[in-house]
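**Q** Next comes input-v2.cif, mmCIF, C-alpha atoms:
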```cif
data_final
#
loop_
_atom_site.group_PDB
_atom_site.id
_atom_site.type_symbol
_atom_site.label_atom_id
_atom_site.label_comp_id
_atom_site.auth_asym_id
_atom_site.auth_seq_id
_atom_site.Cartn_x
_atom_site.Cartn_y
_atom_site.Cartn_z
ATOM 1 C CA MET T 149 93.431 64.358 190.094
ATOM 2 C CA GLY T 150 92.251 67.505 188.345
ATOM 3 C CA SER T 151 90.196 67.665 185.187
ATOM 4 C CA GLY T 152 92.785 69.709 183.302
ATOM 5 C CA ARG T 153 90.486 72.710 183.485
ATOM 6 C CA PHE T 154 91.595 75.964 185.073
ATOM 7 C CA ALA T 155 89.801 79.154 186.060
ATOM 8 C CA ILE T 156 90.742 82.467 187.625
ATOM 9 C CA ALA T 157 89.051 85.642 188.818
ATOM 10 C CA VAL T 158 90.388 88.959 190.082
ATOM 11 C CA HIS T 159 88.933 91.984 191.813
ATOM 12 C CA GLY T 160 90.209 95.461 192.546
ATOM 13 C CA GLY T 161 87.661 96.686 195.054
ATOM 14 C CA ALA T 162 83.995 97.660 195.165
ATOM 15 C CA GLY T 163 82.105 100.782 196.144
ATOM 16 C CA ARG T 164 80.557 103.958 194.782
ATOM 17 C CA LEU T 165 82.138 103.585 191.357
ATOM 18 C CA ASP T 166 80.216 106.202 189.414
ATOM 19 C CA ARG T 167 79.720 105.668 185.716
ATOM 20 C CA ASP T 168 80.751 109.261 185.054
ATOM 21 C CA MET T 169 84.384 108.654 185.974
ATOM 22 C CA PRO T 170 86.706 110.031 183.254
ATOM 23 C CA ALA T 171 86.991 107.687 180.292
ATOM 24 C CA SER T 172 90.776 107.715 180.595
ATOM 25 C CA LEU T 173 90.584 106.484 184.202
ATOM 26 C CA ARG T 174 87.994 103.841 183.324
ATOM 27 C CA ASP T 175 90.186 102.566 180.493
ATOM 28 C CA ALA T 176 93.243 102.527 182.751
ATOM 29 C CA TYR T 177 91.411 100.372 185.311
ATOM 30 C CA LEU T 178 90.218 97.945 182.642
ATOM 31 C CA ALA T 179 93.706 97.727 181.143
ATOM 32 C CA SER T 180 95.210 96.925 184.547
ATOM 33 C CA LEU T 181 92.622 94.236 185.188
ATOM 34 C CA ARG T 182 93.376 92.671 181.792
ATOM 35 C CA ILE T 183 97.117 92.624 182.500
ATOM 36 C CA ALA T 184 96.573 90.958 185.878
ATOM 37 C CA LEU T 185 94.132 88.443 184.422
ATOM 38 C CA ARG T 186 96.484 87.545 181.572
ATOM 39 C CA LEU T 187 99.332 86.977 184.013
ATOM 40 C CA GLY T 188 97.281 84.551 186.071
ATOM 41 C CA ARG T 189 95.767 82.819 183.053
ATOM 42 C CA THR T 190 99.197 82.295 181.498
ATOM 43 C CA ARG T 191 100.613 80.770 184.666
ATOM 44 C CA LEU T 192 97.686 78.389 185.005
ATOM 45 C CA ALA T 193 97.761 77.451 181.301
ATOM 46 C CA ARG T 194 101.438 76.530 181.718
ATOM 47 C CA ASP T 195 100.591 74.091 184.524
ATOM 48 C CA GLY T 196 101.405 76.539 187.297
ATOM 49 C CA SER T 197 99.896 76.106 190.733
ATOM 50 C CA ALA T 198 96.867 78.064 191.851
ATOM 51 C CA LEU T 199 98.854 79.256 194.875
ATOM 52 C CA ASP T 200 101.657 80.699 192.754
ATOM 53 C CA ALA T 201 99.143 82.268 190.366
ATOM 54 C CA VAL T 202 97.147 84.133 193.011
ATOM 55 C CA GLU T 203 100.303 85.433 194.680
ATOM 56 C CA ALA T 204 101.716 86.682 191.373
ATOM 57 C CA VAL T 205 98.474 88.419 190.394
ATOM 58 C CA VAL T 206 98.055 90.138 193.747
ATOM 59 C CA ARG T 207 101.712 91.240 193.759
ATOM 60 C CA LEU T 208 101.067 92.881 190.386
ATOM 61 C CA LEU T 209 97.983 94.662 191.707
ATOM 62 C CA GLU T 210 99.861 95.751 194.844
ATOM 63 C CA ASP T 211 102.410 97.474 192.592
ATOM 64 C CA ASP T 212 99.714 99.192 190.517
ATOM 65 C CA PRO T 213 98.991 102.708 191.900
ATOM 66 C CA LEU T 214 95.375 102.564 190.697
ATOM 67 C CA PHE T 215 94.378 100.147 193.441
ATOM 68 C CA ASN T 216 94.261 100.457 197.216
ATOM 69 C CA ALA T 217 96.877 97.828 198.009
ATOM 70 C CA GLY T 218 100.596 98.567 198.129
ATOM 71 C CA LYS T 219 101.606 101.489 195.937
ATOM 72 C CA GLY T 220 98.741 103.992 195.903
ATOM 73 C CA ALA T 221 97.184 102.740 199.140
ATOM 74 C CA ALA T 222 94.840 104.787 201.302
ATOM 75 C CA PHE T 223 96.197 107.063 204.018
ATOM 76 C CA THR T 224 95.479 106.406 207.682
ATOM 77 C CA ALA T 225 94.311 109.216 209.966
ATOM 78 C CA ASP T 226 97.939 109.970 210.851
ATOM 79 C CA GLY T 227 99.000 110.227 207.202
ATOM 80 C CA ARG T 228 100.741 106.861 206.844
ATOM 81 C CA HIS T 229 99.992 103.559 205.141
ATOM 82 C CA GLU T 230 99.231 100.214 206.764
ATOM 83 C CA PHE T 231 98.691 96.989 204.861
ATOM 84 C CA ASP T 232 96.771 93.783 205.453
ATOM 85 C CA ALA T 233 97.010 90.654 203.328
ATOM 86 C CA SER T 234 96.275 86.956 203.411
ATOM 87 C CA ILE T 235 96.767 83.857 201.301
ATOM 88 C CA MET T 236 95.303 80.356 201.550
ATOM 89 C CA ASP T 237 96.016 77.010 199.918
ATOM 90 C CA GLY T 238 92.803 75.040 199.414
ATOM 91 C CA ARG T 239 94.729 71.793 199.045
ATOM 92 C CA THR T 240 95.915 71.746 202.682
ATOM 93 C CA LEU T 241 94.021 74.652 204.302
ATOM 94 C CA ALA T 242 97.424 76.177 205.039
ATOM 95 C CA CYS T 243 97.132 79.943 205.341
ATOM 96 C CA GLY T 244 99.069 83.019 206.312
ATOM 97 C CA ALA T 245 98.109 86.618 207.061
ATOM 98 C CA VAL T 246 99.656 89.926 208.053
ATOM 99 C CA ALA T 247 98.051 93.122 209.334
ATOM 100 C CA ALA T 248 99.201 96.705 209.859
ATOM 101 C CA VAL T 249 102.549 96.185 208.125
ATOM 102 C CA ARG T 250 104.228 99.345 206.891
ATOM 103 C CA THR T 251 107.389 98.582 204.954
ATOM 104 C CA ALA T 252 106.957 95.317 203.011
ATOM 105 C CA ARG T 253 106.580 96.237 199.347
ATOM 106 C CA ASN T 254 104.376 93.200 198.689
ATOM 107 C CA PRO T 255 102.351 92.237 201.766
ATOM 108 C CA VAL T 256 100.822 89.212 200.026
ATOM 109 C CA SER T 257 104.260 87.584 199.734
ATOM 110 C CA LEU T 258 104.937 88.300 203.398
ATOM 111 C CA ALA T 259 101.650 86.538 204.202
ATOM 112 C CA ARG T 260 102.812 83.528 202.213
ATOM 113 C CA LEU T 261 106.053 83.453 204.190
ATOM 114 C CA VAL T 262 104.038 83.432 207.414
ATOM 115 C CA MET T 263 102.227 80.391 206.033
ATOM 116 C CA GLU T 264 105.340 78.558 204.892
ATOM 117 C CA LYS T 265 108.088 79.640 207.311
ATOM 118 C CA THR T 266 106.344 79.880 210.684
ATOM 119 C CA PRO T 267 103.989 77.760 212.801
ATOM 120 C CA TYR T 268 101.584 80.711 212.897
ATOM 121 C CA VAL T 269 98.734 81.979 210.748
ATOM 122 C CA PHE T 270 98.597 85.692 211.581
ATOM 123 C CA LEU T 271 101.295 88.282 212.357
ATOM 124 C CA ALA T 272 100.504 91.945 212.967
ATOM 125 C CA GLY T 273 102.091 95.344 213.429
ATOM 126 C CA ALA T 274 105.705 95.791 214.443
ATOM 127 C CA GLY T 275 106.191 92.051 214.825
ATOM 128 C CA ALA T 276 105.137 91.463 211.231
ATOM 129 C CA ASP T 277 107.555 94.155 210.068
ATOM 130 C CA ARG T 278 110.364 92.514 212.061
ATOM 131 C CA PHE T 279 109.469 89.230 210.408
ATOM 132 C CA ALA T 280 109.804 90.969 207.032
ATOM 133 C CA VAL T 281 113.336 91.998 208.011
ATOM 134 C CA ALA T 282 114.162 88.441 209.030
ATOM 135 C CA MET T 283 112.795 87.048 205.771
ATOM 136 C CA LYS T 284 114.747 89.613 203.729
ATOM 137 C CA VAL T 285 111.703 90.590 201.659
ATOM 138 C CA GLU T 286 111.905 93.801 199.662
ATOM 139 C CA ARG T 287 111.149 96.733 201.928
ATOM 140 C CA VAL T 288 110.562 100.370 201.084
ATOM 141 C CA PRO T 289 110.054 103.587 203.066
ATOM 142 C CA ASN T 290 106.422 104.103 203.988
ATOM 143 C CA ARG T 291 106.270 107.230 201.835
ATOM 144 C CA TRP T 292 107.020 105.089 198.745
ATOM 145 C CA PHE T 293 103.352 104.047 198.799
ATOM 146 C CA ASP T 294 102.126 107.674 198.481
ATOM 147 C CA THR T 295 100.247 108.922 195.435
ATOM 148 C CA ALA T 296 98.713 112.353 194.892
ATOM 149 C CA ARG T 297 95.422 110.775 193.892
ATOM 150 C CA ARG T 298 95.053 109.026 197.246
ATOM 151 C CA ARG T 299 95.827 112.256 199.020
ATOM 152 C CA ARG T 300 92.942 113.913 197.223
ATOM 153 C CA GLN T 301 90.711 110.847 197.708
ATOM 154 C CA LEU T 302 87.919 112.140 195.502
ATOM 155 C CA ARG T 303 86.173 108.825 195.197
ATOM 156 C CA GLN T 304 84.895 106.662 198.034
ATOM 157 C CA THR T 305 85.786 103.066 197.214
ATOM 158 C CA ARG T 306 86.347 99.906 199.229
ATOM 159 C CA GLY T 307 89.904 99.383 198.133
ATOM 160 C CA THR T 308 91.037 95.789 198.187
ATOM 161 C CA VAL T 309 92.549 93.514 195.582
ATOM 162 C CA GLY T 310 92.122 89.772 195.374
ATOM 163 C CA CYS T 311 92.523 86.714 193.202
ATOM 164 C CA VAL T 312 91.039 83.216 193.266
ATOM 165 C CA ALA T 313 92.214 80.360 191.081
ATOM 166 C CA LEU T 314 91.692 76.705 190.187
ATOM 167 C CA ASP T 315 94.690 74.961 188.638
ATOM 168 C CA VAL T 316 94.759 72.007 186.258
ATOM 169 C CA ARG T 317 95.449 69.612 189.137
ATOM 170 C CA GLY T 318 92.159 70.597 190.745
ATOM 171 C CA HIS T 319 93.640 72.696 193.547
ATOM 172 C CA LEU T 320 92.202 76.028 194.687
ATOM 173 C CA ALA T 321 93.912 79.065 196.183
ATOM 174 C CA VAL T 322 93.141 82.667 197.111
ATOM 175 C CA ALA T 323 95.030 85.837 197.987
ATOM 176 C CA THR T 324 93.660 89.168 199.220
ATOM 177 C CA SER T 325 95.473 92.442 199.957
ATOM 178 C CA THR T 326 94.434 95.935 201.018
ATOM 179 C CA GLY T 327 95.622 99.339 202.096
ATOM 180 C CA GLY T 328 92.584 99.651 204.349
ATOM 181 C CA MET T 329 90.092 102.464 204.868
ATOM 182 C CA THR T 330 90.978 106.080 204.243
ATOM 183 C CA GLY T 331 91.484 107.798 207.597
ATOM 184 C CA LYS T 332 91.359 104.601 209.647
ATOM 185 C CA ARG T 333 92.355 104.917 213.328
ATOM 186 C CA TRP T 334 93.300 102.932 216.415
ATOM 187 C CA GLY T 335 94.861 100.010 214.580
ATOM 188 C CA ARG T 336 91.680 99.083 212.726
ATOM 189 C CA VAL T 337 91.911 95.846 210.730
ATOM 190 C CA GLY T 338 89.255 94.786 208.225
ATOM 191 C CA ASP T 339 88.309 91.446 206.724
ATOM 192 C CA SER T 340 91.086 91.083 204.132
ATOM 193 C CA PRO T 341 93.617 89.321 206.408
ATOM 194 C CA VAL T 342 90.981 87.431 208.400
ATOM 195 C CA ILE T 343 90.776 83.835 207.245
ATOM 196 C CA GLY T 344 87.117 82.925 206.786
ATOM 197 C CA ALA T 345 85.941 86.544 206.601
ATOM 198 C CA GLY T 346 87.685 88.072 203.586
ATOM 199 C CA THR T 347 89.596 85.021 202.371
ATOM 200 C CA TRP T 348 88.831 81.302 202.116
ATOM 201 C CA ALA T 349 89.974 78.365 200.004
ATOM 202 C CA ASP T 350 89.053 74.720 200.345
ATOM 203 C CA ASP T 351 89.567 72.135 197.586
ATOM 204 C CA ALA T 352 86.293 70.501 198.621
ATOM 205 C CA THR T 353 84.232 73.551 197.652
ATOM 206 C CA CYS T 354 85.662 76.867 196.474
ATOM 207 C CA ALA T 355 88.049 79.794 196.835
ATOM 208 C CA VAL T 356 86.662 83.217 197.798
ATOM 209 C CA SER T 357 88.066 86.755 198.088
ATOM 210 C CA CYS T 358 85.922 89.594 199.454
ATOM 211 C CA THR T 359 85.984 93.374 199.268
ATOM 212 C CA GLY T 360 83.890 95.953 201.042
ATOM 213 C CA ALA T 361 82.844 97.043 204.507
ATOM 214 C CA GLY T 362 85.203 94.763 206.384
ATOM 215 C CA GLU T 363 83.355 94.750 209.675
ATOM 216 C CA GLU T 364 80.240 93.355 207.986
ATOM 217 C CA PHE T 365 82.197 90.613 206.241
ATOM 218 C CA ILE T 366 83.875 89.686 209.544
ATOM 219 C CA ARG T 367 80.566 89.507 211.412
ATOM 220 C CA ARG T 368 79.197 87.079 208.857
ATOM 221 C CA ALA T 369 82.385 85.106 208.139
ATOM 222 C CA ALA T 370 81.373 85.867 204.573
ATOM 223 C CA ALA T 371 84.081 84.046 202.621
ATOM 224 C CA HIS T 372 83.635 80.843 204.606
ATOM 225 C CA GLU T 373 79.857 81.211 204.433
ATOM 226 C CA VAL T 374 80.003 80.753 200.663
ATOM 227 C CA SER T 375 81.846 77.464 201.201
ATOM 228 C CA ALA T 376 79.465 76.413 203.985
ATOM 229 C CA LEU T 377 76.395 76.976 201.818
ATOM 230 C CA MET T 378 77.943 74.836 199.101
ATOM 231 C CA ARG T 379 78.979 72.107 201.518
ATOM 232 C CA HIS T 380 75.913 71.884 203.737
ATOM 233 C CA ARG T 381 73.070 73.150 201.543
ATOM 234 C CA LYS T 382 74.508 71.809 198.282
ATOM 235 C CA MET T 383 74.226 75.196 196.599
ATOM 236 C CA SER T 384 76.048 76.016 193.401
ATOM 237 C CA ILE T 385 78.776 78.608 193.751
ATOM 238 C CA GLY T 386 76.577 81.139 191.974
ATOM 239 C CA ALA T 387 73.689 80.587 194.356
ATOM 240 C CA ALA T 388 75.940 80.621 197.423
ATOM 241 C CA ALA T 389 77.651 83.858 196.402
ATOM 242 C CA ARG T 390 74.303 85.473 195.594
ATOM 243 C CA THR T 391 72.873 84.437 198.964
ATOM 244 C CA VAL T 392 75.766 85.947 200.911
ATOM 245 C CA ILE T 393 75.851 89.200 198.944
ATOM 246 C CA THR T 394 72.129 89.831 198.555
ATOM 247 C CA LYS T 395 70.612 88.228 201.671
ATOM 248 C CA GLU T 396 73.233 88.138 204.411
ATOM 249 C CA LEU T 397 74.957 91.445 203.629
ATOM 250 C CA LYS T 398 73.279 94.828 203.201
ATOM 251 C CA ARG T 399 73.109 96.832 200.010
ATOM 252 C CA GLY T 400 76.315 98.820 199.654
ATOM 253 C CA ASP T 401 78.452 96.480 201.780
ATOM 254 C CA GLY T 402 80.657 95.224 198.933
ATOM 255 C CA GLY T 403 81.281 92.154 196.824
ATOM 256 C CA LEU T 404 83.204 88.953 196.305
ATOM 257 C CA ILE T 405 84.788 86.762 193.678
ATOM 258 C CA ALA T 406 84.775 82.980 193.889
ATOM 259 C CA VAL T 407 85.720 79.906 191.885
ATOM 260 C CA SER T 408 84.482 76.374 192.527
ATOM 261 C CA ARG T 409 86.342 73.078 192.444
ATOM 262 C CA SER T 410 84.817 72.426 188.998
ATOM 263 C CA GLY T 411 85.789 75.806 187.575
ATOM 264 C CA GLU T 412 82.556 77.805 187.830
ATOM 265 C CA ILE T 413 83.152 81.472 188.605
ATOM 266 C CA ALA T 414 80.953 83.839 190.626
ATOM 267 C CA LEU T 415 81.381 87.629 190.655
ATOM 268 C CA ARG T 416 78.802 89.237 192.957
ATOM 269 C CA TYR T 417 78.454 92.702 194.507
ATOM 270 C CA ASN T 418 75.774 94.927 195.993
ATOM 271 C CA THR T 419 77.480 98.277 195.357
ATOM 272 C CA LEU T 420 77.365 100.510 192.282
ATOM 273 C CA GLY T 421 80.307 98.653 190.814
ATOM 274 C CA MET T 422 83.242 96.312 191.361
ATOM 275 C CA PHE T 423 86.528 96.178 189.460
ATOM 276 C CA ARG T 424 86.631 92.566 188.329
ATOM 277 C CA GLY T 425 87.714 90.053 185.714
ATOM 278 C CA ALA T 426 87.466 86.345 184.976
ATOM 279 C CA ALA T 427 89.144 83.851 182.648
ATOM 280 C CA ASP T 428 89.228 80.090 182.171
ATOM 281 C CA SER T 429 90.550 77.278 180.004
ATOM 282 C CA ARG T 430 87.386 77.293 177.874
ATOM 283 C CA GLY T 431 88.211 80.688 176.427
ATOM 284 C CA ARG T 432 86.442 83.050 178.758
ATOM 285 C CA PHE T 433 88.250 86.355 179.265
ATOM 286 C CA ASP T 434 86.365 89.424 180.429
ATOM 287 C CA VAL T 435 86.834 92.449 182.655
ATOM 288 C CA ALA T 436 84.219 94.907 183.901
ATOM 289 C CA ILE T 437 83.419 97.593 186.429
ATOM 290 C CA TRP T 438 79.639 97.845 186.200
ATOM 291 C CA GLU T 439 76.939 95.443 185.071
#
```
For the structure just supplied, provide its representation as structure tokens.
**A**
Amino acid sequence: MGSGRFAIAVHGGAGRLDRDMPASLRDAYLASLRIALRLGRTRLARDGSALDAVEAVVRLLEDDPLFNAGKGAAFTADGRHEFDASIMDGRTLACGAVAAVRTARNPVSLARLVMEKTPYVFLAGAGADRFAVAMKVERVPNRWFDTARRRRQLRQTRGTVGCVALDVRGHLAVATSTGGMTGKRWGRVGDSPVIGAGTWADDATCAVSCTGAGEEFIRRAAAHEVSALMRHRKMSIGAAARTVITKELKRGDGGLIAVSRSGEIALRYNTLGMFRGAADSRGRFDVAIWE
């Protein structure tokens, strides 16, 4: 049984987020993070499940053109958009992921359908798009994801969105979604859809969502490493997150958000900034980009 306490954290990517960005853009990012955080907090406060909360929050961020996931996603080298997403239920370790999908409006929901409607964990490329047709999810032309800002790509960021949550029953869940790297080639897939690298949830320890240089997070199984440090070295979630970000990853690689089974939240990054927010049943509610 849970303690009746809930907690939630969100991120919208990490990277070279210069403090001299226009005030209007900074305020728009903070406003979007607040809206996403309020949505998740409200669902959890009303006895909603962590799994439903993280999916709803990530769907909202996928539809927000400010972030590199869904609408407003990065362009590949051939001028199109490809999406990766994953979701995991810490209660059962059930998980689902998709990679290189092109027409599902909300890749995170397609990942959940992989988890719940198939015997598989991971679907990719054309097969994942055919699965979207079979599941009758909302689909849009690939050009629907275009924005002029992404075409200009003035700022180098590691664009991913993610959400971790603990519900009042004591269950943890995580969802992560991305439009990938600007100019990516040859079917490159990063850490976001890779269970254990960019996404992990386990009711025994924590839920983790990562953002950054995907190859580095994959090499270190970074999301699972946070859980492993808690399980085997009895670290707190703060210490485990700090160890992964500051000792196992290099400066500039990215960041992560995490929530423990008891509701502690960790928000760690080794870049100039990370779009992030956190809330809980004790009244915490904050969003930030820099320290």
**Q** Evaluate the PyMOL selection byres ((chain T and resi 423) around 8) on the structure here and hand back the selected residues as a list in words.
**A**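 With the PyMOL selection byres ((chain T and resi 423) around 8) on this model, the match is His159, Gly160, Gly161, Ala162, Tyr177, Leu178, Leu181, Gly421, Met422, Arg424, Gly425, Val435, Ala436, Ile437 and Trp438 of chain T.
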**Q** Write out, as JSON lines, each residue of region 172-273 of chain T that has an atom at most 12 Å from region 361-385 of chain T, together with the closest pair of atoms and their distance in Å to one decimal, counting all atoms listed in the file, rows going by chain and rising number.
**A**
```
{"residue": "T:Asp232", "atom": "CA", "partner": "T:Gly362", "partner_atom": "CA", "distance": 11.6}
{"residue": "T:Met236", "atom": "CA", "partner": "T:Ala371", "partner_atom": "CA", "distance": 11.9}
{"residue": "T:Gly238", "atom": "CA", "partner": "T:Ser375", "partner_atom": "CA", "distance": 11.4}
```
**Q** Let me make sure I understand: among T:Ala387, T:Gly152, T:Asp350, T:Asp294, which one has the smallest atom-to-atom distance to Gly196 (chain T) if we use only C-alpha atoms?
**A**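 Going through T:Ala387, T:Gly152, T:Asp350, T:Asp294 one by one, the smallest distance to Gly196 (chain T) is for T:Gly152.
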**Q** Mind telling me what the PyMOL selection byres ((chain T and resi 268-272) around 9) catches here, as JSON, numbers by chain?
**A** {"T": [232, 234, 242, 243, 244, 245, 246, 247, 248, 249, 259, 262, 263, 265, 266, 267, 273, 274, 275, 276, 277, 279, 341, 342, 343]}
**Q** Choose the residue, out of T:Thr308, T:Asn290, T:Ser357, T:Ser197, that has the smallest atom-to-atom separation from Ala414 (chain T); count only C-alpha atoms.
**A**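 Checking each candidate against Ala414 (chain T), we get T:Ser357 as the closest.
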**Q** One number please: CA of Leu241 (chain T) to CA of Asp351 (chain T), in Å, one decimal.
**A**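 Answer for the CA of Leu241 (chain T) to CA of Asp351 (chain T) separation: 8.4 Å.
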**Q** Work out how far CA of Arg399 (chain T) is from CA of Thr419 (chain T), in Å to one decimal.
**A**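 Pair CA of Thr419 (chain T) / CA of Arg399 (chain T) returns 6.5 Å.
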**Q** Closest to Thr251 (chain T) among T:Phe433, T:Trp292, T:Phe215, T:Phe154, using all atoms listed in the file?
**A**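 Using all atoms listed in the file, Thr251 (chain T) sits closest to T:Trp292.
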**Q** Go through T:Ile413, T:Ala204, T:Val288, T:Val337 and flag the residue nearest Arg186 (chain T), using all atoms listed in the file for the distances.
**A** T:Ala204
**Q** What's around Val285 (chain T) at 9 Å? Count all atoms listed in the file, leave out sequence neighbours fewer than 5 positions away in its own chain, and write the answer as a ChimeraX atom specification.
**A** /T:252-254,257-258,280
**Q** Record the distance separating CA of Glu396 (chain T) and CA of Leu420 (chain T), expressed in Å with one decimal.
**A**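 CA of Leu420 (chain T) lies 17.8 Å from CA of Glu396 (chain T).
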**Q** Contacts of Gly220 (chain T) at 6 Å or less, counting only C-alpha atoms, minus same-chain residues fewer than 6 places along, as a PyMOL selection string?
**A** chain T and resi 213+293-295
**Q** Step by step, work through what the PyMOL selection byres ((chain T and resi 151) around 10) selects in the shown file, and finish by giving those residues as a PyMOL selection string.
**A** chain T and resi 149-150+152-154+315-318+409-411
**Q** Find, counting all atoms listed in the file, the residue in T:Glu286, T:Asp212, T:Asp401, T:Asp200 that gets nearest to Ala323 (chain T).
**A**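 Nearest to Ala323 (chain T): T:Asp200.
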**Q** Determine the nearest neighbour of Asp195 (chain T) from the options T:Ser325, T:Ser429, T:Cys354, T:Ala345, counting all atoms listed in the file.
**A**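 Closest to Asp195 (chain T) of all the choices is T:Ser429.
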**Q** Could you put an axis-aligned box around every listed atom of region 323-330 of chain T, padded by 6 Å on each side, and send me its centre and edge lengths in Å to one decimal, as JSON?
**A**
```
{"center_x": 92.9, "center_y": 96.0, "center_z": 201.4, "size_x": 17.5, "size_y": 32.2, "size_z": 18.9}
```
